[in-house]
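**Q** My structure is stored as query.cif, with mmCIF, C-alpha atoms.
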data_my_file
#
loop_
_atom_site.label_atom_id
_atom_site.label_comp_id
_atom_site.auth_asym_id
_atom_site.auth_seq_id
_atom_site.Cartn_x
_atom_site.Cartn_y
_atom_site.Cartn_z
CA MET A 283 -159.56 127.01 3.23
CA THR A 284 -157.37 123.88 2.94
CA LEU A 285 -154.10 122.85 4.59
CA HIS A 286 -151.32 121.37 2.48
CA VAL A 287 -148.19 119.42 3.39
CA TYR A 288 -145.36 121.54 2.02
CA ASP A 289 -141.77 120.65 1.00
CA LYS A 290 -139.62 123.53 2.21
CA HIS A 291 -136.72 122.44 -0.02
CA SER A 292 -138.53 122.30 -3.37
CA TYR A 293 -141.07 125.00 -2.39
CA ASN A 294 -143.93 122.75 -3.54
CA SER A 295 -147.21 121.60 -2.05
CA LEU A 296 -147.04 117.79 -1.85
CA TYR A 297 -150.61 116.90 -0.96
CA GLU A 298 -153.68 118.15 0.90
CA LEU A 299 -154.34 117.12 4.47
CA SER A 300 -157.53 115.18 5.02
CA GLU A 301 -160.47 116.98 6.64
CA HIS A 302 -159.96 114.81 9.72
CA ASP A 303 -156.26 115.76 10.11
CA GLU A 304 -157.01 119.41 9.31
CA GLY A 305 -159.67 119.46 12.03
CA ILE A 306 -157.23 118.02 14.58
CA LEU A 307 -154.61 120.68 13.83
CA ARG A 308 -157.20 123.44 13.93
CA ASP A 309 -159.19 122.41 17.02
CA ASN A 310 -157.04 120.11 19.15
CA PRO A 311 -153.33 120.05 18.16
CA ARG A 312 -152.26 119.04 21.68
CA SER A 313 -154.30 115.83 21.63
CA ASP A 314 -152.44 112.53 21.20
CA ALA A 315 -153.57 112.37 17.56
CA GLY A 316 -152.46 115.96 16.95
CA GLN A 317 -149.06 115.41 18.56
CA ASP A 318 -148.51 112.20 16.57
CA LEU A 319 -149.39 113.99 13.32
CA LEU A 320 -147.12 116.96 14.04
CA SER A 321 -144.32 114.64 15.16
CA SER A 322 -144.44 112.62 11.92
CA LEU A 323 -144.49 115.79 9.80
CA LYS A 324 -141.55 117.28 11.66
CA SER A 325 -139.63 113.99 11.36
CA ALA A 326 -140.04 114.25 7.58
CA ASN A 327 -138.96 117.93 7.63
CA ARG A 328 -142.34 119.06 6.30
CA TRP A 329 -144.11 122.38 6.77
CA ILE A 330 -147.82 123.20 6.52
CA ALA A 331 -149.16 125.62 3.90
CA CYS A 332 -152.57 127.28 4.20
CA ASP A 333 -154.39 128.40 1.03
CA CYS A 334 -156.48 131.05 2.81
CA LYS A 335 -154.53 133.48 0.60
CA GLN A 336 -152.09 133.44 -2.30
CA PRO A 337 -149.23 132.86 -2.08
CA MET A 338 -150.06 130.35 0.62
CA ALA A 339 -149.20 131.16 4.22
CA LEU A 340 -146.49 128.90 5.64
CA MET A 341 -146.23 127.31 9.09
CA TYR A 342 -143.43 125.18 10.48
CA ILE A 343 -143.52 122.73 13.39
CA ARG A 344 -141.77 123.54 16.65
CA TYR A 345 -140.99 121.19 19.52
CA LYS A 346 -140.75 123.11 22.78
CA ASP A 347 -141.61 122.39 26.39
CA PHE A 348 -142.45 118.79 25.47
CA HIS A 349 -145.10 119.70 22.89
CA TYR A 350 -145.27 120.08 19.11
CA SER A 351 -146.99 123.18 17.78
CA LEU A 352 -147.55 125.05 14.52
CA VAL A 353 -145.72 128.37 14.20
CA ASN A 354 -146.39 130.94 11.50
CA HIS A 355 -143.31 131.69 9.42
CA TYR A 356 -141.81 135.06 10.38
CA GLU A 357 -142.00 136.33 6.80
CA LYS A 358 -144.27 134.03 4.77
CA GLY A 359 -146.76 133.08 7.46
CA VAL A 360 -149.33 135.88 7.17
CA HIS A 361 -152.84 134.38 6.94
CA ASP A 362 -156.08 136.04 5.87
CA PRO A 363 -157.24 137.70 9.13
CA SER A 364 -160.88 137.80 8.03
CA ARG A 365 -161.45 134.07 7.61
CA CYS A 366 -158.46 131.99 8.76
CA ARG A 367 -158.31 130.31 12.18
CA PHE A 368 -154.52 130.18 11.93
CA PHE A 369 -154.07 133.95 11.70
CA SER A 370 -151.87 135.42 14.42
CA SER A 371 -149.90 138.61 14.82
CA VAL A 372 -147.26 136.56 16.67
CA MET A 373 -144.73 135.09 14.24
CA GLY A 374 -141.80 132.74 14.59
CA GLY A 375 -138.18 133.70 14.11
CA PRO A 376 -136.08 133.25 10.97
CA LYS A 377 -135.05 129.76 12.14
CA GLU A 378 -136.99 126.75 13.33
CA VAL A 379 -136.02 126.87 16.98
CA THR A 380 -136.28 123.70 19.03
CA ARG A 381 -135.31 123.41 22.67
CA ASP A 382 -132.80 120.66 23.27
CA THR A 383 -133.27 118.44 20.22
CA ASP A 384 -130.30 116.24 21.10
CA GLU A 385 -128.30 117.54 18.15
CA ALA A 386 -125.27 117.33 20.43
CA LEU A 387 -125.72 113.58 20.50
CA ILE A 388 -125.94 113.41 16.74
CA GLY A 389 -123.05 115.75 16.00
CA ASP A 390 -122.07 117.34 12.71
CA ASP A 391 -120.92 114.11 11.06
CA ARG A 392 -123.84 113.64 8.68
CA GLU A 393 -122.82 113.19 5.09
CA ASP A 394 -124.75 115.03 2.41
CA ALA A 395 -123.50 113.34 -0.76
CA PHE A 396 -122.75 109.75 -1.74
CA PHE A 397 -121.09 107.89 -4.59
CA ILE A 398 -123.28 105.01 -5.72
CA PHE A 399 -121.87 103.56 -8.95
CA ARG A 400 -118.93 104.61 -11.07
CA LYS A 401 -119.50 106.14 -14.48
CA PHE A 402 -119.29 104.05 -17.64
CA ALA A 403 -115.68 103.61 -18.79
CA PRO A 404 -114.64 105.84 -21.73
CA ASP A 405 -113.80 102.86 -23.95
CA GLU A 406 -117.10 101.20 -23.04
CA GLU A 407 -115.26 97.96 -22.35
CA GLN A 408 -117.23 97.08 -19.26
CA ASP A 409 -117.35 93.92 -17.23
CA LYS A 410 -119.05 93.00 -14.02
CA ALA A 411 -115.99 93.76 -11.95
CA LYS A 412 -116.24 97.40 -12.94
CA VAL A 413 -119.81 97.79 -11.80
CA SER A 414 -118.87 98.82 -8.30
CA SER A 415 -119.88 101.39 -5.79
CA LYS A 416 -117.30 103.95 -4.80
CA ALA A 417 -116.91 104.58 -1.10
CA SER A 418 -116.95 108.16 0.06
CA PRO A 419 -114.60 108.98 2.95
CA SER A 420 -115.69 107.53 6.29
CA LEU A 421 -113.80 107.14 9.51
CA LYS A 422 -115.23 103.70 10.23
CA LYS A 423 -115.18 102.40 6.63
CA ARG A 424 -118.85 101.47 6.86
CA ASP A 425 -120.40 100.42 3.56
CA SER A 426 -121.77 103.34 1.55
CA PHE A 427 -125.28 101.85 1.15
CA LEU A 428 -125.51 101.26 4.89
CA ARG A 429 -124.29 104.80 5.54
CA ILE A 430 -127.02 106.15 3.28
CA TYR A 431 -129.56 104.27 5.37
CA ASP A 432 -127.97 105.44 8.63
CA ASN A 433 -128.13 109.07 7.54
CA LEU A 434 -131.80 108.74 6.57
CA ILE A 435 -132.62 107.28 10.00
CA GLU A 436 -130.69 110.02 11.80
CA SER A 437 -132.29 112.75 9.69
CA THR A 438 -135.81 111.57 10.53
CA TYR A 439 -135.05 110.83 14.21
CA GLN A 440 -136.22 107.23 13.88
CA ASN A 441 -133.56 106.09 16.33
CA PHE A 442 -135.58 107.51 19.27
CA PHE A 443 -138.03 105.46 21.35
CA HIS A 444 -140.53 107.30 23.56
CA GLY A 445 -142.54 104.43 25.00
CA LYS A 446 -145.23 104.34 22.34
CA PRO A 447 -146.80 100.89 21.89
CA MET A 448 -144.90 98.81 19.32
CA PHE A 449 -146.45 96.02 17.28
CA ARG A 450 -145.73 94.22 14.06
CA SER A 451 -147.16 96.16 11.11
CA GLN A 452 -145.89 96.10 7.56
CA LEU A 453 -148.01 99.19 6.86
CA ALA A 454 -146.36 101.13 9.73
CA ILE A 455 -142.86 100.16 8.59
CA ASN A 456 -143.54 101.10 4.98
CA LYS A 457 -144.86 104.46 6.20
CA ARG A 458 -141.61 105.01 8.10
CA LEU A 459 -139.58 104.03 5.02
CA PHE A 460 -141.42 106.68 3.00
CA ILE A 461 -140.69 109.25 5.72
CA ALA A 462 -137.01 108.31 5.46
CA ARG A 463 -137.20 108.55 1.66
CA ASP A 464 -138.68 112.05 1.90
CA ALA A 465 -135.63 113.11 3.93
CA SER A 466 -133.35 112.03 1.06
CA SER A 467 -134.13 115.34 -0.64
CA GLU A 468 -131.37 116.76 1.59
CA PHE A 469 -128.73 114.44 0.09
CA PHE A 470 -127.06 114.29 -3.31
CA VAL A 471 -125.55 111.65 -5.59
CA LYS A 472 -121.91 112.48 -6.18
CA GLY A 473 -120.84 112.78 -9.80
CA THR A 474 -124.35 113.77 -10.88
CA LYS A 475 -126.73 116.69 -10.51
CA LYS A 476 -129.34 114.50 -8.88
CA LYS A 477 -130.70 114.47 -5.37
CA LEU A 478 -130.80 111.09 -3.67
CA LEU A 479 -134.60 111.46 -3.68
CA ASP A 480 -134.52 111.26 -7.49
CA VAL A 481 -133.13 107.70 -7.45
CA LEU A 482 -134.56 106.27 -4.22
CA TYR A 483 -137.61 103.99 -4.19
CA VAL A 484 -139.49 101.96 -1.57
CA GLY A 485 -141.04 98.51 -1.65
CA LYS A 486 -141.84 95.95 -4.32
CA LYS A 487 -143.90 98.48 -6.28
CA GLY A 488 -140.99 100.91 -5.99
CA TYR A 489 -138.71 98.22 -7.42
CA GLU A 490 -140.92 97.94 -10.50
CA ILE A 491 -140.99 101.73 -10.90
CA ALA A 492 -137.19 101.88 -10.54
CA VAL A 493 -136.70 99.36 -13.36
CA SER A 494 -139.09 101.34 -15.56
CA GLU A 495 -137.30 104.63 -14.84
CA LEU A 496 -133.91 103.09 -15.56
CA LEU A 497 -135.10 101.86 -18.96
CA LYS A 498 -136.23 105.43 -19.77
CA ALA A 499 -132.95 106.93 -18.54
CA LYS A 500 -130.91 104.49 -20.63
CA SER A 501 -131.91 106.30 -23.82
CA ASN A 502 -130.58 109.60 -22.52
CA ILE A 503 -127.17 108.94 -20.99
CA VAL A 504 -125.19 112.15 -20.41
CA ASP A 505 -121.44 112.34 -19.80
CA ARG A 506 -121.05 108.58 -19.25
CA GLU A 507 -123.37 108.83 -16.24
CA ARG A 508 -124.56 105.38 -15.30
CA PRO A 509 -128.37 105.21 -14.77
CA THR A 510 -128.87 104.31 -11.13
CA ALA A 511 -131.67 103.48 -8.70
CA ILE A 512 -131.72 102.40 -5.06
CA VAL A 513 -134.63 100.45 -3.61
CA LEU A 514 -135.43 99.94 0.08
CA LEU A 515 -137.21 96.63 0.63
CA LEU A 516 -138.72 95.37 3.88
CA VAL A 517 -137.89 91.67 4.11
CA ASP A 518 -138.68 89.07 6.80
CA GLN A 519 -136.78 86.10 5.37
CA LEU A 520 -133.71 85.93 3.14
CA GLU A 521 -131.82 83.19 1.34
CA PHE A 522 -128.87 83.60 -1.04
CA ASN A 523 -128.10 81.05 -3.76
CA LYS A 524 -124.37 81.31 -4.47
CA ARG A 525 -124.64 79.15 -7.58
CA THR A 526 -127.12 81.44 -9.34
CA ASN A 527 -126.25 84.64 -7.45
CA THR A 528 -129.93 85.04 -6.55
CA LEU A 529 -131.29 86.58 -3.36
CA ALA A 530 -134.77 85.33 -2.42
CA CYS A 531 -136.66 87.95 -0.38
CA VAL A 532 -139.82 86.91 1.48
CA SER A 533 -142.03 89.42 3.27
CA TYR A 534 -145.27 88.86 5.17
CA ASP A 535 -148.22 91.25 5.19
CA ASP A 536 -150.18 92.03 8.35
CA ASP A 537 -152.33 88.94 7.79
CA GLY A 538 -149.27 86.67 7.54
CA VAL A 539 -149.59 86.19 3.77
CA PRO A 540 -146.11 85.85 2.20
CA SER A 541 -144.89 87.53 -0.98
CA LEU A 542 -141.67 86.64 -2.79
CA LEU A 543 -139.25 88.78 -4.76
CA HIS A 544 -136.13 87.37 -6.42
CA LEU A 545 -133.14 89.63 -6.97
CA ASN A 546 -131.49 87.70 -9.81
CA ASP A 547 -127.93 87.68 -11.15
CA LEU A 548 -126.37 89.78 -8.42
CA VAL A 549 -123.06 91.23 -9.57
CA LYS A 550 -121.53 90.55 -6.16
CA PRO A 551 -122.63 88.82 -2.93
CA PRO A 552 -124.76 90.80 -0.48
CA VAL A 553 -122.97 93.11 1.97
CA ILE A 554 -123.70 92.29 5.63
CA GLU A 555 -121.90 94.09 8.44
CA ALA A 556 -124.24 93.14 11.29
CA ASP A 557 -123.86 90.02 13.41
CA VAL A 558 -126.14 87.90 11.23
CA SER A 559 -125.65 85.46 8.37
CA LEU A 560 -127.60 84.05 5.45
CA PRO A 561 -130.03 82.38 5.29
CA MET A 562 -131.82 84.47 7.90
CA LYS A 563 -135.32 84.87 9.25
CA GLN A 564 -135.44 88.32 10.78
CA SER A 565 -136.89 91.71 9.88
CA CYS A 566 -134.39 93.65 7.82
CA ILE A 567 -134.07 96.26 5.10
CA VAL A 568 -132.56 95.14 1.82
CA ILE A 569 -130.89 98.07 0.05
CA ALA A 570 -130.63 97.16 -3.63
CA GLY A 571 -128.70 99.24 -6.16
CA LEU A 572 -129.86 98.82 -9.78
CA THR A 573 -127.85 99.85 -12.82
CA PHE A 574 -126.54 98.69 -16.22
CA ILE A 575 -123.24 96.88 -16.75
CA ASN A 576 -122.79 98.24 -20.26
CA LYS A 577 -124.50 100.96 -22.26
CA GLU A 578 -125.72 98.31 -24.70
CA ASP A 579 -127.49 96.20 -22.06
CA GLU A 580 -131.23 95.95 -22.45
CA LEU A 581 -132.12 95.32 -18.82
CA PRO A 582 -130.70 96.65 -15.55
CA VAL A 583 -128.95 94.40 -13.07
CA VAL A 584 -128.61 94.43 -9.29
CA GLY A 585 -125.15 95.96 -9.06
CA LYS A 586 -125.02 95.81 -5.29
CA VAL A 587 -127.09 94.73 -2.29
CA ALA A 588 -126.62 95.61 1.38
CA ILE A 589 -128.62 94.04 4.21
CA GLN A 590 -129.45 95.88 7.43
CA PRO A 591 -131.34 94.14 10.29
CA ILE A 592 -133.88 96.40 12.03
CA VAL A 593 -135.78 96.48 15.31
CA GLY A 594 -139.04 95.60 13.55
CA GLU A 595 -142.35 95.77 15.42
CA GLY A 596 -143.14 98.97 13.52
CA SER A 597 -139.60 100.42 13.76
CA ILE A 598 -136.95 100.66 11.02
CA CYS A 599 -134.11 101.61 13.36
CA PRO A 600 -131.04 99.53 12.46
CA VAL A 601 -129.57 97.03 14.92
CA GLU A 602 -126.35 95.08 14.68
CA ASN A 603 -127.30 92.00 16.71
CA ALA A 604 -130.15 90.32 18.59
CA TYR A 605 -129.10 91.94 21.89
CA GLU A 606 -129.65 95.44 20.50
CA ARG A 607 -133.07 94.52 19.21
CA TRP A 608 -134.11 92.97 22.53
CA PHE A 609 -132.77 95.97 24.45
CA VAL A 610 -134.77 98.46 22.36
CA LEU A 611 -138.01 96.52 22.75
CA VAL A 612 -137.49 96.13 26.51
CA ALA A 613 -136.48 99.79 26.95
CA ASN A 614 -139.55 100.99 25.07
CA SER A 615 -141.81 98.82 27.26
CA VAL A 616 -140.17 100.03 30.47
CA ILE A 617 -140.53 103.67 29.36
CA LEU A 618 -144.20 103.02 28.53
CA GLU A 619 -144.79 101.93 32.13
CA TRP A 620 -142.81 104.83 33.58
CA LYS A 621 -144.80 107.38 31.56
CA LYS A 622 -147.77 106.61 33.82
CA ARG A 623 -145.77 107.75 36.86
CA LEU A 624 -143.86 110.75 35.53
CA GLY A 625 -144.96 114.32 35.99
CA GLU A 626 -146.44 116.36 33.14
CA GLN A 627 -143.17 118.21 32.58
CA GLU A 628 -141.05 115.05 32.49
CA LYS A 629 -140.32 113.07 29.36
CA LEU A 630 -138.39 109.83 29.11
CA TYR A 631 -136.91 108.20 26.01
CA VAL A 632 -134.02 106.07 24.78
CA GLN A 633 -131.89 106.81 21.73
CA LYS A 634 -129.50 104.72 19.66
CA PRO A 635 -126.94 107.46 18.95
CA SER A 636 -124.17 108.00 16.42
CA LEU A 637 -125.40 105.59 13.76
CA ILE A 638 -123.19 107.43 11.28
CA SER A 639 -120.18 107.07 13.57
CA TYR A 640 -120.52 103.30 13.36
CA ASP A 641 -118.27 101.14 15.54
CA PRO A 642 -118.94 97.38 15.49
CA THR A 643 -117.26 96.89 18.90
CA HIS A 644 -119.82 99.01 20.74
CA SER A 645 -123.54 98.74 21.39
CA GLU A 646 -124.59 101.93 23.12
CA PHE A 647 -127.85 103.64 23.99
CA VAL A 648 -128.63 106.94 25.68
CA LEU A 649 -131.43 107.02 28.24
CA THR A 650 -132.74 110.57 28.70
CA LEU A 651 -135.04 112.11 31.28
CA LYS A 652 -136.16 115.60 30.22
CA THR A 653 -137.09 117.97 32.99
CA GLN A 654 -138.08 121.62 33.11
CA ILE A 655 -134.50 122.57 33.95
CA LYS A 656 -132.30 120.40 31.73
CA PRO A 657 -132.12 116.90 30.26
CA LEU A 658 -130.44 114.21 32.37
CA ARG A 659 -128.73 111.40 30.53
CA CYS A 660 -127.28 107.97 31.19
CA LEU A 661 -125.13 106.06 28.70
CA VAL A 662 -125.95 102.34 28.62
CA ARG A 663 -123.22 100.26 27.01
CA LEU A 664 -123.92 96.65 26.03
CA THR A 665 -120.91 94.34 25.96
CA THR A 666 -121.61 92.44 22.74
CA THR A 667 -118.11 91.44 21.66
CA SER A 668 -115.59 89.00 23.12
CA ASN A 669 -112.88 91.65 22.85
CA ASP A 670 -112.31 93.84 25.88
CA LEU A 671 -113.88 97.25 25.45
CA VAL A 672 -111.74 100.31 25.92
CA ASP A 673 -113.18 102.20 28.87
CA LEU A 674 -113.48 105.64 27.28
CA PRO A 675 -114.72 108.62 29.30
CA ALA A 676 -118.43 109.22 28.85
CA ASP A 677 -117.98 112.64 27.27
CA SER A 678 -115.62 111.27 24.61
CA PHE A 679 -118.60 110.00 22.63
CA THR A 680 -120.38 113.33 22.34
CA ASN A 681 -120.18 116.89 23.59
CA THR A 682 -123.00 116.15 26.02
CA LYS A 683 -122.16 115.19 29.59
CA PHE A 684 -123.71 112.04 30.97
CA GLN A 685 -124.72 111.85 34.58
CA PHE A 686 -123.41 108.27 34.71
CA VAL A 687 -122.44 105.31 32.49
CA VAL A 688 -123.48 101.69 33.01
CA THR A 689 -122.22 98.56 31.25
CA TYR A 690 -124.38 95.47 30.78
CA ASP A 691 -122.78 92.11 29.91
CA ALA A 692 -125.01 90.83 27.11
CA LEU A 693 -122.65 88.02 26.11
CA GLY A 694 -122.95 86.49 29.55
CA PHE A 695 -126.46 85.30 28.70
CA LYS A 696 -125.37 83.33 25.61
CA ASP A 697 -128.59 83.96 23.69
CA ASP A 698 -130.77 83.27 26.73
CA ARG A 699 -133.38 85.86 25.80
CA GLU A 700 -135.51 85.45 28.92
CA LYS A 701 -132.63 86.15 31.33
CA PHE A 702 -131.29 88.96 29.16
CA VAL A 703 -134.68 90.68 29.09
CA SER A 704 -135.14 90.25 32.84
CA GLY A 705 -131.73 91.78 33.47
CA CYS A 706 -132.49 94.69 31.13
CA ILE A 707 -135.72 95.48 32.98
CA THR A 708 -133.88 95.60 36.30
CA LEU A 709 -131.03 97.68 34.88
CA LEU A 710 -133.32 100.22 33.18
CA ASN A 711 -135.52 100.66 36.24
CA GLU A 712 -132.44 101.33 38.36
CA CYS A 713 -131.13 103.84 35.81
CA ILE A 714 -134.45 105.68 35.59
CA ASN A 715 -134.79 105.77 39.39
CA ARG A 716 -131.31 107.24 39.60
CA LEU A 717 -132.00 109.86 36.91
CA HIS A 718 -135.25 110.73 38.64
CA SER A 719 -133.48 111.29 41.94
CA ILE A 720 -130.67 113.33 40.33
CA GLN A 721 -133.09 116.01 39.11
CA TYR A 722 -133.66 117.03 42.74
CA ASP A 723 -129.93 117.36 43.32
CA ARG A 724 -128.72 120.97 43.04
CA GLY A 725 -125.75 119.81 41.01
CA ALA A 726 -128.04 118.60 38.25
CA TYR A 727 -128.94 122.16 37.40
CA GLU A 728 -125.38 123.29 36.73
CA PHE A 729 -124.59 123.80 33.04
#
Now that the file is in, can you turn its structure into structure tokens?
**A**
Amino acid sequence: MTLHVYDKHSYNSLYELSEHDEGILRDNPRSDAGQDLLSSLKSANRWIACDCKQPMALMYIRYKDFHYSLVNHYEKGVHDPSRCRFFSSVMGGPKEVTRDTDEALIGDDREDAFFIFRKFAPDEEQDKAKVSSKASPSLKKRDSFLRIYDNLIESTYQNFFHGKPMFRSQLAINKRLFIARDASSEFFVKGTKKKLLDVLYVGKKGYEIAVSELLKAKSNIVDRERPTAIVLLLVDQLEFNKRTNTLACVSYDDDGVPSLLHLNDLVKPPVIEADVSLPMKQSCIVIAGLTFINKEDELPVVGKVAIQPIVGEGSICPVENAYERWFVLVANSVILEWKKRLGEQEKLYVQKPSLISYDPTHSEFVLTLKTQIKPLRCLVRLTTTSNDLVDLPADSFTNTKFQFVVTYDALGFKDDREKFVSGCITLLNECINRLHSIQYDRGAYEF
């Protein structure tokens, strides 16, 4: 009997679980290792298939009462009762039910299809100006490549921080990028019959594969469809040469050894919407779109590049400025300390919400304390712009009520990281203490 990781969208087994991971799920799924494994699989929208019988019995992952668990599918989850440890007469329902998954904070604004590059012109008279990405409708006019990345992060819940230790690891970040890539099977490329997963690649090796696949696709162009690929690259240092239109991307492995990749002959300058500028030395994701200018071209070009700074330290959550990055790292550390004091039925985490409802004038985070009765939330708003912020009611951001809203003046520290961090620690501890006291207030239980 072997367990397989299963793609519920394509109905295919992706790979077999190792004996070690299989043993954890079978014997001790509530251990830290078991919960981490189930959490990562659920983040990637994966199921588990058991080959104790044919067709394989399916199990999905449920998060309830602060624990992840395997649940047999209500219809396709019947195991071999004579030899399978996962057999149970108790089955799940027709939907994957999760108690309070914060969907209300995410909303229904996720896009499911994106334009990437326009088709070849009918007369085939192409020039570089016509190799452009077409923006799909968006309230905030955020760049389409950045919106693709935002949707992948939202879909895999990588904008949540639960107090797990964070440390610099290129391996951990690449793993998270592949989890995000797996989620792209839910999205489509407008104007084609392809899923985003079909054209999305990760890393330097993924870049080489993308070029190879584009060269193959070039010989089979259908209906003027422009061969396209998108590559997600983890980069630690960037420099753009305007004279040669070349973007130099330097990344460091876990031993500090650098590797260099040049994106040559960019059709247009890189898109940056965060509060950073080139050259830069900061962890970021470079989103490179590869295509051909003309049907007759022999090699693909970089038709577009977007740059998104990230938290780093093992996280690929996007940030728009240094204050957001510092706040996330501080909040995660504070939560890590509080976890030692909370009760077994209490969970604490911080979320960077509404990535897809991007607004450059706001830096906001939601601090949540989950209790047995209901989640209690505080909205923390960082003042990161010189413009006065409109004081909107807390419930105007989402359909979820906040117990209270606090505003923290990040600009007042003028890049003084030490004072900013110290202030964040004080603010977060006060917020958590207040949330903790609210749960004993009768009013906190009213829905």
**Q** Please put the answer as lines of an AutoDock Vina configuration file: centre and edge lengths, in Å with one decimal, of a box along x, y and z that encloses all listed atoms of range 484-492 of chain A plus 5 Å on each side.
**A**
center_x = -140.5
center_y = 99.0
center_z = -6.2
size_x = 16.7
size_y = 16.0
size_z = 19.3
**Q** Have a look at CA of Lys621 in chain A and CA of Val662 in chain A and let me know their distance in Å, one decimal.
**A**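 One can read the CA of Lys621 in chain A to CA of Val662 in chain A distance as 19.7 Å.
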**Q** Let me make sure I understand: among A:Leu428, A:Leu453, A:Leu651, A:Leu299, which one has the smallest atom-to-atom distance to Pro591 in chain A if we use only C-alpha atoms?
**A** A:Leu428
**Q** Given the file shown, determine the residues that the PyMOL selection byres ((chain A and resi 315-322) around 9) selects; report them as a VMD selection string.
**A** chain A and resid 303 306 to 307 310 to 314 323 to 328 343 to 345 349 to 352 438 458 461
**Q** Only C-alpha atoms, please: the residues just picked out, written as a CSV table (one decimal), in the coordinates of the input.
**A**
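Output (out16.csv):
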chain,number,residue,atom,x,y,z
A,303,ASP,CA,-156.3,115.8,10.1
A,306,ILE,CA,-157.2,118.0,14.6
A,307,LEU,CA,-154.6,120.7,13.8
A,310,ASN,CA,-157.0,120.1,19.2
A,311,PRO,CA,-153.3,120.0,18.2
A,312,ARG,CA,-152.3,119.0,21.7
A,313,SER,CA,-154.3,115.8,21.6
A,314,ASP,CA,-152.4,112.5,21.2
A,323,LEU,CA,-144.5,115.8,9.8
A,324,LYS,CA,-141.6,117.3,11.7
A,325,SER,CA,-139.6,114.0,11.4
A,326,ALA,CA,-140.0,114.2,7.6
A,327,ASN,CA,-139.0,117.9,7.6
A,328,ARG,CA,-142.3,119.1,6.3
A,343,ILE,CA,-143.5,122.7,13.4
A,344,ARG,CA,-141.8,123.5,16.6
A,345,TYR,CA,-141.0,121.2,19.5
A,349,HIS,CA,-145.1,119.7,22.9
A,350,TYR,CA,-145.3,120.1,19.1
A,351,SER,CA,-147.0,123.2,17.8
A,352,LEU,CA,-147.6,125.0,14.5
A,438,THR,CA,-135.8,111.6,10.5
A,458,ARG,CA,-141.6,105.0,8.1
A,461,ILE,CA,-140.7,109.2,5.7
**Q** If the PyMOL selection byres ((chain A and resi 614) around 8) were run on this exact file, what residues would it hold? Put them as a count of residues only.
**A** 15
**Q** I would like the residues chosen by the PyMOL selection byres ((chain A and resi 595) around 9) on the shown file; could you give them as a PDB file with C-alpha atoms, in the frame of the given file?
**A**
ATOM      1  CA  MET A 448    -144.900  98.810  19.320  1.00  0.00           C
ATOM      2  CA  PHE A 449    -146.450  96.020  17.280  1.00  0.00           C
ATOM      3  CA  ARG A 450    -145.730  94.220  14.060  1.00  0.00           C
ATOM      4  CA  SER A 451    -147.160  96.160  11.110  1.00  0.00           C
ATOM      5  CA  GLN A 452    -145.890  96.100   7.560  1.00  0.00           C
ATOM      6  CA  ALA A 454    -146.360 101.130   9.730  1.00  0.00           C
ATOM      7  CA  ILE A 455    -142.860 100.160   8.590  1.00  0.00           C
ATOM      8  CA  SER A 565    -136.890  91.710   9.880  1.00  0.00           C
ATOM      9  CA  VAL A 593    -135.780  96.480  15.310  1.00  0.00           C
ATOM     10  CA  GLY A 594    -139.040  95.600  13.550  1.00  0.00           C
ATOM     11  CA  GLY A 596    -143.140  98.970  13.520  1.00  0.00           C
ATOM     12  CA  SER A 597    -139.600 100.420  13.760  1.00  0.00           C
ATOM     13  CA  ILE A 598    -136.950 100.660  11.020  1.00  0.00           C
ATOM     14  CA  LEU A 611    -138.010  96.520  22.750  1.00  0.00           C
TER      15      LEU A 611
END
**Q** Please, what distance in Å, to one decimal, runs between CA of Ser437 in chain A and CA of Glu468 in chain A?
**A**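 Computing it gives 9.1 Å between the two atoms.
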**Q** Could you tell me how far CA of His286 in chain A lies from CA of Lys487 in chain A, in Å and to one decimal?
**A**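 Those two atoms sit 25.6 Å apart.
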**Q** Which residue, A:Leu296, A:Val568, A:Gly359, A:Ser370, has the smallest gap to Leu459 in chain A when you use only C-alpha atoms?
**A**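 Distance minimum relative to Leu459 in chain A lands on A:Val568.
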**Q** Counting only C-alpha atoms, what is within 7 Å of Tyr342 in chain A, bar same-chain residues fewer than 6 positions away, as a PDB file with C-alpha atoms, in the frame of the given file?
**A**
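Output file selection.pdb follows:
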ATOM      1  CA  TRP A 329    -144.110 122.380   6.770  1.00  0.00           C
ATOM      2  CA  ILE A 330    -147.820 123.200   6.520  1.00  0.00           C
ATOM      3  CA  LEU A 352    -147.550 125.050  14.520  1.00  0.00           C
ATOM      4  CA  VAL A 353    -145.720 128.370  14.200  1.00  0.00           C
ATOM      5  CA  ASN A 354    -146.390 130.940  11.500  1.00  0.00           C
ATOM      6  CA  HIS A 355    -143.310 131.690   9.420  1.00  0.00           C
TER       7      HIS A 355
END
**Q** Take the point (-123.5, 90.2, 24.4) as written in the file and pick out every residue within 8 Å of it, counting only C-alpha atoms; give the list as a list of chain:residue names.
**A**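 The distance filter leaves exactly A:Tyr605, A:Leu664, A:Thr665, A:Thr666, A:Thr667, A:Asp691, A:Ala692, A:Leu693, A:Gly694, A:Phe695, A:Lys696.
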